[in-house]
Amino acid sequence: MEDLRESSMRFFSDQNLCYADIVSPSEVRARIEVTVLNFLRILTAPAPAISDLSLISRDSSNSRVSEGLLTQVSWIFLSHSFCTRSLMRANTAKAFIRVWKVMEMCFRILVQEKRVTQRELFYKLLCDSPDYFTSQLQVNRTIQDVVALLRCSRFSLGIMASSRGLVAGRLLLQEPNQEVVDCSACGSSGHPISGDLSLLEKLVLKTDARYIIVVEKHAIFQRLAEDCIFNQIPSILITARGYPDIATRFLLHRLSRAFPHLPILALVDWNPAGLAILCTFKYGSIGMGLEAYRYACNVKWMGLRGDDLQLISEQSMVPLKQRDLQIAKSLMSSEILQVNYPAPHNLGPFHFSLTTSKKVEPIFWKIVNIVQTGIWQETYREELAVMVERGQRVEIEALYFHGYDYLGKYIAKKIVQANYI
Amino acid sequence: MEGKRSSSERSVLLRKIREFTRTIVEDLSNGRSPIVLIDRFRNYCTNPNAICYCSTDLLNGKETLTLRRESHVHRLDVLLRVLLIVQKLLQENRHGSKRDIYYMHPSVFSEQSVVDRAINDICILMQCSRHNLNVVSVGKGLVMGWIRFLENRRKFDCINRPNMAHPIPVHVEEVKDIVSVARYILVVEKESVFERLANDQFCNANRCIVITGRGYPDIPTRRFLRLLIDKLCLPTYCLVDCDPYGFDILTTYRFGSMQMAYDAKYLRCPEVCWLGAFPSDSEKYCLPQQCLLPLTAQDRKKIEAMLNRCYLQREVPKWRLELELMLQRGVKFEIEALSVHSLSFLSKEYIPSKIQELCSESEFTV
Amino acid sequence: MEFASVHAICLHFISSAIQRCRLSRELCRLSVILKCSPPSDHLVLRISISDTGVGSCLEEFRDLKFSREGIGAEKWDGVLSVRTTSICDNEVYHYQLNLKESASARRLTRLPSNPKNGVKFSGTEVFFSIFESVEVLLPEINAFFQKMLVLRIPNVAYEVVVEHEDASGSRCENLFLANEPYPPPFSASNLERLKSGLEDYVLKHGNNSNKKCGSCFPSLECVKAGSGIACCTEDHRNAGRMMEAIIVISEISETTSCCFRTCGAKSEVFYFKDFSPSAISPSSMKALTSIDWRSYGLTLASIVNQGGHALLEWEGLPPYAHIDIVLHCYHEHKVMIPSVGQKTQLDRNLIKRAVKLAFDDLKEKHAGVLLSAHALKICSYAPDLAKTMAGLILSSDDSGFQEECFSLFGLQFQGVGGEIVEDCIKEKIISIIEMNDRKSHQRSEEVAPFLFRDDCLQELELQEEEYEEGEDASSPLDI
Amino acid sequence: MEFASVHAICLHFISSAIQRCRLSRELCRLSVILKCSPPSDHLVLRISISDTGVGSCLEEFRDLKFSREGIGAEKWDGVLSVRTTSICDNEVYHYQLNLKESASARRLTRLPSNPKNGVKFSGTEVFFSIFESVEVLLPEINAFFQKMLVLRIPNVAYEVVVEHEDASGSRCENLFLANEPYPPPFSASNLERLKSGLEDYVLKHGNNSNKKCGSCFPSLECVKAGSGIACCTEDHRNAGRMMEAIIVISEISETTSCCFRTCGAKSEVFYFKDFSPSAISPSSMKALTSIDWRSYGLTLASIVNQGGHALLEWEGLPPYAHIDIVLHCYHEHKVMIPSVGQKTQLDRNLIKRAVKLAFDDLKEKHAGVLLSAHALKICSYAPDLAKTMAGLILSSDDSGFQEECFSLFGLQFQGVGGEIVEDCIKEKIISIIEMNDRKSHQRSEEVAPFLFRDDCLQELELQEEEYEEGEDASSPLDI
Ligand SMILES: [Mg+2]
Ligand SMILES: [Mg+2]
């Protein structure tokens with residue numbers, strides 16, 4: 001039994017982090033086959049058993065970090081607690097079957113070398129196994145289970161990911177065997193970001209930009225692109241049109257890795273949802289499962305912030321909606337705005353000065369983390385508190401009060417003054 | 001480059017705006033209450049048996065705005081505020097979205113729909129289309145297939161990779177040099193179906209152009225489709241969910257929407273044929289029972305309202321019969337339900353056979 | 001007529017004297033003399049009400065009733081002396097009667113007459129004594145005459161004299177003497193007199209001072225008056241019945257005023273009947289209640305009948321503004337001896353019409369005053385409309401167009417700031433709204449052209465509208 | 001002991017006879033002879049119960065009580081004749097006693113003995129006459145012996161003989177004669193005998209036929225028996241007290257059976273006490289109620305005590321399935337003369353333990369039987385899981401992988417259909433579920449191995465509830 005377990009672990013042995021990998025279809029198939037073999041071997045062993053499926057828990061309680069882990073690696077922030085899908089426990093038996101059903105469906109799709117949408121998958125499962133699947137949400141959740149089980153990205157499972165993301169500005173993209181795309185010449189609509197992560201991974205990136213600007217809204221993105229703001233401020237514009245999808249986050253992450261010296265600045269609405277979007281870029285969300293944390297980027301909050309309210313006409317301030325308050329509440333209580341929560345790359349100038357000396361005591365890292373993260377987390381919390389206190393929200397468009405070209409000036413000023421947190 | 005045509009259009013429009021302003025100033029300086037007359041259009045009425053002129057784009061009465069009623073004055077206030085913004089946009093030759101405009105005076109406008117109506121009013125007053133005002137929306141349409149075109153100076157070479165989605169350009173008036181070797185245009189309601197076709201390499205197997213407006217189509221998508229049909233003269237098929245919203249989306253492509261009735265002649269595509277999914281398909285293709293959802297009370301209400309639209313009886317009585325059938329059966333289903341048996345069913349069998357059917361039908365009737 | 005108090009009967013005698021003066025076309029004098037006995041003498045007050053009007057025909061005393069509860073035996077014995085003479089009489093007749101006798105049994109005792117010795121004059125004196133302090137009676141009489149002044153009856157002068165007989169001899173106090181420095185011309189109509197009377201009343205802080213208060217009302221603009229007159233024409237029996245209404249809106253200059261006015265937001269409606277102050281009838285109260293004050297921008301918070309006086313309380317009236325209303329009901333052709341009977345329904349309609357006319361008159365003469373709530377609302381848009389219009393003109397890149405617009409307002413294009421255009425437009429808009437508001441009161445409101453009536457627009461679909469991606473649009477999971 | 005009816009006392013005498021036989025280590029015979037008088041003779045029934053066991057010490061008759069209401073004077077005069085002799089006695093003693101006398105006053109009348117003339121034998125005969133029809137008594141006696149057969153006491157043979165004396169003379173009917181064609185070996189334990197007795201009882205349709213019913217039970221597989229024995233060890237006073245439980249689950253072959261069984265879904269629990277059928281005590285009823293039937297996949301619908309017999313009604317039991325339960329309580333070392341006193345709490349625990357052991361024995365011997373409700377539920381998922389697993393294997397295009405999978409089941413890759421793999425997997429899964437179900441009754445559950453577990457990670461097993469849709473999984477809130 002022990003050696004069986006060992007063998008099944010092999011393809012994760014080189015890493016300590018619970019990440020979902022972008023892997024080729026054949027690799028996913030191999031992983032599924034290993035999973036099947038493992039199951040069958042234990043099933044037919046001399047002391048047979050029905051093996052449980054143990055998954056990284058995506059429960060919010062698992063987003064907590066225990067002190068002990070911090071000393072090990074400075075940037076693990078998804079706790080490795082497992083939850084199991086077991087046939088033998090009545091309350092998880094159905095979920096157990098669902099994982100296998102979805103795995104089978106994905107396997108078939110991969111063999112056919114096709115991709116499906118989540119909706120199609122839902123319909124297929126609905127007709128195939130109505131006893132187990134009754135809602136899209138169940139399917140979506142089970143897919144995340146499979147992601148957590150196989151530790152491969154959802155896209156790798158053969159599920160289509162249409163990205164809503166767009167990119168524009170001083171960036172040259174080249175897919176293998178394709179022409180170079182100049183994102184500064186894509187007009188106001190920008191260049192769509194492909195949902196195919198493996199394609200994104202293969203992109204050859206070139207830039208002479210000095211900033212990456214993450215924009216919450218498509219319309220603002222379109223305005224900035226139409227104004228060719230990237231010619232005044234050498235920058236790359238990127239938007240996910242609201243809450244970011246994996247592909248957009250992946251590209252941003254790739255950009256941040258490829259061009260580590262470019263600060264990433266976010267322009268979001270001044271409301272809890274805006275901050276939530278920013279934090280999703282920064283951390284991902286639990287809902288994205290294992291893929292969530294992988295593409296965390298050190299995004300800085302450029303605007304809108306409480307300081308900017310003086311620029312905005314009183315009539316543009318709208319009372320907070322109930323949903324805003326809900327988001328604010330969960331942000332407040334969420335771990336990511338807690339002071340002792342570590343963040344990746346978020347070490348600011350310290351980080352760069354310290355990386356040269358490789359031998360740093362883990363405990364020191366921990367302290368740097370807490371000090372560094374404490375600062376911005378406190379500011380973020382304060383901003384959020386101001387929103388709730390004022391009971392008002394402001395959208396980026398409110399800056400148009402000063403004319404349509406004001407937005408560019410605003411960004412330029414922010415960048416010159418390094419006014420971001 | 002930025003076409004001469006568009007700059008002359010702008011100056012014409014600016015002149016119209018000044019004209020409008022001067023008329024009001026004149027009235028005021030003479031101590032007269034200014035009167036703003038806004039034509040009303042509708043592209044259908046709710047009496048299916050009426051002998052009406054809904055299809056002829058004739059205007060349908062006028063609205064009169066004066067200073068006498070508060071609601072009028074408010075509307076006038078909004079209209080003038082939006083007009084001022086539009087004038088600025090045109091003079092600076094910038095583009096703004098409806099949301100941008102809303103945010104110039106959010107508390108006065110109070111909600112987006114107020115701005116939307118003002119924009120429509122201005123289009124009617126200035127006898128132009130919305131894009132002429134430099135008011136654009138964020139594009140959400142997608143296109144792929146055997147087509148190549150230029151938008152401004154940007155090349156959209158879909159033929160190069162016919163199964164790759166390209167965003168439909170927002171500035172459709174800048175689209176030119178359209179080259180296509182397609183045999184037909186396929187409009188699909190939703191992105192997921194579009195992706196299914198892309199994944200199935202549908203355009204490799206079929207010489208066509210595929211377009212989606214991702215739900216209710218926005219104006220650029222509809223204008224782009226209109227443009228393609230005008231330039232390429234291709235048969236156009238539309239594939240929507242078999243539910244009231246799918247049907248409504250279908251009619252939006254073909255007949256235009258009520259709100260944009262004043263501009264319907266530039267937006268509607270009478271050439272659009274309904275490819276599916278029909279209520280009768282559930283039996284024809286043996287859809288499993290689980291895929292059929294019962295119509296909700298709201299669905300029924302919507303269907304009943306749509307059945308009364310005069311253009312259905314007049315122009316597409318067959319569509320109306322299918323819609324009635326949907327109501328009778330009391331079930332709806334999504335296009336995805338067709339993929340239950342086989343993922344490639346849609347691209348390999350359903351769409352080709354439906355197109356075959358429509359072709360032989362039209363041959364027969366012709 | 002039955003009276004509940006000595007005060008009431010006293011005021012009635014004064015009213016009667018006024019009527020007799022009015023019947024006389026000559027300048028008349030009306031004197032009220034209150035003779036106080038010395039303090040030792042049980043507070044006997046001798047009251048003499050004399051006028052130089054036409055003599056009394058004595059009928060007026062016949063129906064007087066005397067409520068025992070109100071007057072009480074201990075206050076007055078009911079004995080009344082009347083001396084009267086007409087211009088053509090040769091002597092002054094003297095009668096006595098006791099009101100405590102019931103009307104039917106009442107006898108008019110003729111006392112010896114005084115010869116006139118060929119002098120031509122007319123007049124009446126009513127005389128009686130009561131056990132009452134002068135301090136109790138005097139304020140009411142005073143107030144009565146203050147109101148009388150508002151009527152500005154052209155040919156009557158009033159005086160009230162109090163004589164104190166005490167140990168040191170007789171002392172005379174001339175408490176009230178009507179003196180009008182600038183009387184309206186004799187040819188002025190009743191309405192004009194009433195209006196100028198009310199204006200004066202307001203300017204003199206309710207006739208409480210002798211001259212108009214310059215600190216509160218530095219200019220005439222502060223007091224805006226409107227008058228209306230309604231006349232019964234259809235009904236033959238009541239033909240000639242008139243209702244006059246005067247409305248005065250006064251604004252105390254906040255900055256300059258040093259007076260302390262207690263009046264507050266309430267308005268007392270002065271009600272005159274046949275040229276005498278009168279209690280307001282319930283039907284007139286109803287009439288006041290049913291007036292559409294809102295269409296004059298006024299919000300009536302409450303209306304109370306406080307001892308015969310209507311008190312109107314306003315809502316949202318600025319603290320420095322005040323409204324005064326006078327109603328005067330009389331017969332055009334007859335001089336009436338006061339009586340209780342009233343044509344209630346008739347009065348009600350007359351009041352409403354007169355008040356409406358007065359309001360309209362006020363609005364006509366004073367632009368921007370009393371705009372209807374509706375027009376006020378519309379006016380509130382004027383600054384925005386003006387700003388936007390000005391914006392449309394000023395932001396245009398066509399200077400020819402700009403020049404044209406400026407010239408339409410009679411403005412020089414060069415060197416004129418944007419605010420001037422904006423103000424110009426705003427004023428124009430407001431004046432049009434005011435004009436519309438005035439017009440809308442005169443003719444029945446036009447049928448407004450319908451804006452949103454459309455059979456199929458009910459089905460107005462919004463879904464096609466593409467809205468901006470909001471945070472609500474997509475949650476992080478539906479990637 | 002008090003008896004409520006002649007039947008009861010009659011059965012008691014039979015039980016006593018059985019005990020005497022058991023005490024004797026020899027093969028014994030127990031005869032019940034019912035002599036009917038001719039019809040003319042007032043239905044006198046002479047009853048003789050004789051055994052060849054050890055002789056009676058007569059004490060057993062001392063405490064017998066006789067309820068007047070139950071038996072009635074008219075049915076029995078209470079006179080009892082007893083003849084008895086021990087192996088070492090030289091004569092057969094003869095006594096008479098009258099049960100109608102109260103126990104204290106009762107005298108044992110000794111009648112003349114019969115000499116045994118040197119023949120060595122022992123035995124007892126109880127003899128009395130009642131006014132009763134044999135048809136009334138016989139069924140109960142019959143049923144009693146039917147049940148006795150279940151016990152399979154090795155050294156006792158039973159016979160019931162009815163003799164009719166009528167006009168034509170004496171006629172003898174051998175109504176019951178225990179004959180067991182294949183008796184269990186003499187060395188078999190009581191439990192084994194009881195088990196084989198119950199199995200036989202079931203196969204013979206409740207001993208209603210003489211041989212096993214081949215049409216209902218074509219194979220031995222149809223009848224599955226489990227046995228359990230609980231023994232009191234801790235308590236010194238009760239040490240050696242035994243409780244045996246046998247559970248037989250029988251399935252009538254639906255297709256081949258031509259019998260008509262009325263038994264239905266109810267099970268009668270046979271309760272033996274000291275080797276005699278006995279009424280069930282309330283505490284034993286409670287014990288039956290408190291057994292966790294669900295963990296054996298059974299749902300108890302109701303339990304009733306019907307005249308001393310426990311009737312269990314099941315829910316959801318297939319119509320062709322039947323459950324028979326026997327409980328036997330006795331003392332390991334002593335042969336007890338029946339008495340009423342019972343150790344209730346003790347019995348209760350013994351019953352529960354014995355039944356549980358019987359169930360476990362049954363499950364151990366017969367896979368798939370009496371799965372717990374939980375296991376049944378999980379088993380219901382097995383076909384789907386097997387189908388999915390088979391689908392995963394078969395849809396792969398990696399024949400190496402497929403071959404490996406097949407070989408794990410010992411299957412040839414070539415030429416084997418998908419259904420075979422599927423069935424193989426399904427059976428495996430079910431057998432493991434069953435095994436776990438059995439084990440789960442014996443020891444606590446093992447921790448299942450994790451599939452993909454990093455060694456460096458600490459495991460923290462979360463109690464994860466299965467979440468259904470409804471709660472919003474992915475709101476922006478769970479950041
Ligand atoms: Mg749909
Ligand atoms: Mg937002």
# chains A, B, ... in the order shown; residues from 1 in each chain; ligands from 1
>>> residues_near_ligand(ligand="ligand 2", cutoff="7 Å", atoms="only C-alpha atoms and all ligand atoms", output="list in words")
Glu216, Lys217, Gly242, Val268, Asp269, Ala273, Gly274 and Glu395 of chain A; Gly470 and Glu471 of chain C
>>> write_last_selection(atoms="C-alpha atoms", output="PDB file, in the first residue's frame")
ATOM      1  CA  GLU A 216     -11.409  47.372 -13.825  1.00  0.00           C
ATOM      2  CA  LYS A 217     -13.752  48.423 -16.566  1.00  0.00           C
ATOM      3  CA  GLY A 242     -14.850  43.132 -14.024  1.00  0.00           C
ATOM      4  CA  VAL A 268     -10.682  50.507  -9.991  1.00  0.00           C
ATOM      5  CA  ASP A 269     -13.932  52.009  -8.823  1.00  0.00           C
ATOM      6  CA  ALA A 273     -16.324  45.659  -5.378  1.00  0.00           C
ATOM      7  CA  GLY A 274     -13.468  47.636  -6.890  1.00  0.00           C
ATOM      8  CA  GLU A 395     -16.978  55.024 -10.180  1.00  0.00           C
TER       9      GLU A 395
ATOM     10  CA  GLY C 470     -20.684  45.977 -13.538  1.00  0.00           C
ATOM     11  CA  GLU C 471     -19.386  44.138 -10.579  1.00  0.00           C
TER      12      GLU C 471
END
>>> residues_around(residues="Gly55 of chain D", least_positions_apart="2", cutoff="9 Å", atoms="only C-alpha atoms", output="number ranges by chain")
D: 20, 51-53, 57-58, 83-87, 122-124
>>> write_last_selection(atoms="all heavy atoms", output="compact mmCIF listing (two decimals), in the first residue's frame")
# COMPACT_ATOMS: atom_id res chain seq x y z
N ARG D 20 -37.53 -34.20 33.22
CA ARG D 20 -37.15 -35.50 33.80
C ARG D 20 -36.41 -36.35 32.77
O ARG D 20 -35.45 -37.05 33.08
CB ARG D 20 -38.40 -36.22 34.31
CG ARG D 20 -38.97 -35.58 35.58
CD ARG D 20 -40.05 -36.45 36.19
NE ARG D 20 -41.23 -36.56 35.37
CZ ARG D 20 -42.29 -35.73 35.43
NH1 ARG D 20 -42.30 -34.71 36.31
NH2 ARG D 20 -43.32 -35.88 34.63
N ASP D 51 -43.52 -40.32 30.98
CA ASP D 51 -42.17 -40.25 30.44
C ASP D 51 -41.31 -41.34 31.05
O ASP D 51 -41.63 -41.88 32.10
CB ASP D 51 -41.57 -38.88 30.75
CG ASP D 51 -41.40 -38.64 32.23
OD1 ASP D 51 -40.33 -39.04 32.78
OD2 ASP D 51 -42.35 -38.08 32.88
N THR D 52 -40.22 -41.61 30.39
CA THR D 52 -39.32 -42.62 30.92
C THR D 52 -38.08 -41.97 31.49
O THR D 52 -37.00 -42.55 31.53
CB THR D 52 -38.94 -43.63 29.83
OG1 THR D 52 -38.25 -42.93 28.80
CG2 THR D 52 -40.14 -44.31 29.25
N GLY D 53 -38.22 -40.70 31.85
CA GLY D 53 -37.09 -40.01 32.44
C GLY D 53 -36.91 -40.43 33.88
O GLY D 53 -37.47 -41.42 34.34
N CYS D 57 -39.62 -36.23 42.09
CA CYS D 57 -39.45 -36.15 43.53
C CYS D 57 -40.69 -35.59 44.18
O CYS D 57 -40.71 -35.27 45.37
CB CYS D 57 -38.24 -35.31 43.87
SG CYS D 57 -38.32 -33.69 43.14
N LEU D 58 -41.75 -35.37 43.40
CA LEU D 58 -43.06 -34.95 43.86
C LEU D 58 -43.11 -33.49 44.32
O LEU D 58 -44.17 -32.91 44.45
CB LEU D 58 -43.56 -35.86 45.00
CG LEU D 58 -43.71 -37.33 44.65
CD1 LEU D 58 -44.14 -38.13 45.86
CD2 LEU D 58 -44.73 -37.50 43.50
N ARG D 83 -48.03 -41.48 39.11
CA ARG D 83 -47.25 -42.68 39.36
C ARG D 83 -45.82 -42.35 39.00
O ARG D 83 -45.59 -41.78 37.93
CB ARG D 83 -47.70 -43.81 38.43
CG ARG D 83 -49.02 -44.45 38.77
CD ARG D 83 -49.36 -45.38 37.59
NE ARG D 83 -50.79 -45.44 37.39
CZ ARG D 83 -51.54 -46.45 37.82
NH1 ARG D 83 -51.00 -47.48 38.46
NH2 ARG D 83 -52.85 -46.47 37.64
N THR D 84 -44.92 -42.77 39.81
CA THR D 84 -43.52 -42.48 39.50
C THR D 84 -42.61 -43.51 40.14
O THR D 84 -42.93 -44.10 41.16
CB THR D 84 -43.15 -41.06 39.96
OG1 THR D 84 -41.82 -40.78 39.52
CG2 THR D 84 -43.19 -40.89 41.48
N THR D 85 -41.47 -43.70 39.48
CA THR D 85 -40.46 -44.59 40.05
C THR D 85 -39.10 -44.16 39.58
O THR D 85 -38.95 -43.69 38.44
CB THR D 85 -40.75 -46.06 39.68
OG1 THR D 85 -39.78 -46.88 40.33
CG2 THR D 85 -40.64 -46.28 38.17
N SER D 86 -38.12 -44.24 40.43
CA SER D 86 -36.74 -43.98 40.03
C SER D 86 -36.08 -45.30 39.66
O SER D 86 -36.61 -46.37 39.92
CB SER D 86 -35.96 -43.34 41.19
OG SER D 86 -36.52 -42.11 41.51
N ILE D 87 -34.93 -45.15 39.07
CA ILE D 87 -34.25 -46.36 38.60
C ILE D 87 -33.90 -47.28 39.77
O ILE D 87 -33.92 -48.50 39.64
CB ILE D 87 -33.00 -45.97 37.75
CG1 ILE D 87 -32.50 -47.15 36.90
CG2 ILE D 87 -31.89 -45.43 38.64
CD1 ILE D 87 -33.22 -47.26 35.60
N SER D 122 -37.23 -46.41 35.07
CA SER D 122 -37.72 -45.23 35.79
C SER D 122 -38.78 -44.57 34.94
O SER D 122 -38.93 -44.84 33.74
CB SER D 122 -36.57 -44.28 36.08
OG SER D 122 -36.07 -43.77 34.84
N GLY D 123 -39.52 -43.69 35.52
CA GLY D 123 -40.55 -43.02 34.74
C GLY D 123 -41.60 -42.41 35.64
O GLY D 123 -41.63 -42.65 36.85
N THR D 124 -42.46 -41.64 35.01
CA THR D 124 -43.51 -40.95 35.72
C THR D 124 -44.73 -40.91 34.82
O THR D 124 -44.59 -40.75 33.60
CB THR D 124 -43.10 -39.51 36.07
OG1 THR D 124 -41.84 -39.55 36.74
CG2 THR D 124 -44.13 -38.83 36.96
>>> residues_near_ligand(ligand="ligand 1", cutoff="6 Å", atoms="only C-alpha atoms and all ligand atoms", output="number ranges by chain")
B: 241, 245-246
>>> select_by_dssp(residues="segment 10-71 of chain B", states="strand (DSSP E)", output="list in words")
Val36, Leu37, Ile38, Asp39, Lys62, Glu63, Thr64 and Leu65 of chain B
>>> interface_residues(of="chain A", to="chain C", cutoff="8 Å", atoms="only C-alpha atoms", output="PyMOL selection string")
chain A and resi 161-163+217-219+241-246+273-274+285+287-288
>>> decode(residues="segment 267-284 of chain C", atoms="C-alpha atoms", output="compact mmCIF listing (two decimals), in the first residue's frame")
# COMPACT_ATOMS: atom_id res chain seq x y z
CA SER C 267 -52.46 85.18 8.86
CA GLU C 268 -55.59 86.62 10.43
CA VAL C 269 -58.27 87.14 7.87
CA PHE C 270 -60.11 90.40 8.45
CA TYR C 271 -63.71 89.95 7.63
CA PHE C 272 -65.83 93.04 7.10
CA LYS C 273 -69.49 92.94 6.58
CA ASP C 274 -71.29 95.98 5.38
CA PHE C 275 -68.42 98.24 6.33
CA SER C 276 -68.01 96.88 9.83
CA PRO C 277 -65.64 94.32 11.24
CA SER C 278 -67.51 91.08 11.65
CA ALA C 279 -66.99 87.60 12.89
CA ILE C 280 -66.35 85.14 10.10
CA SER C 281 -69.12 82.70 9.33
CA PRO C 282 -68.57 78.93 9.13
CA SER C 283 -69.42 78.99 5.44
CA SER C 284 -66.77 81.59 4.83
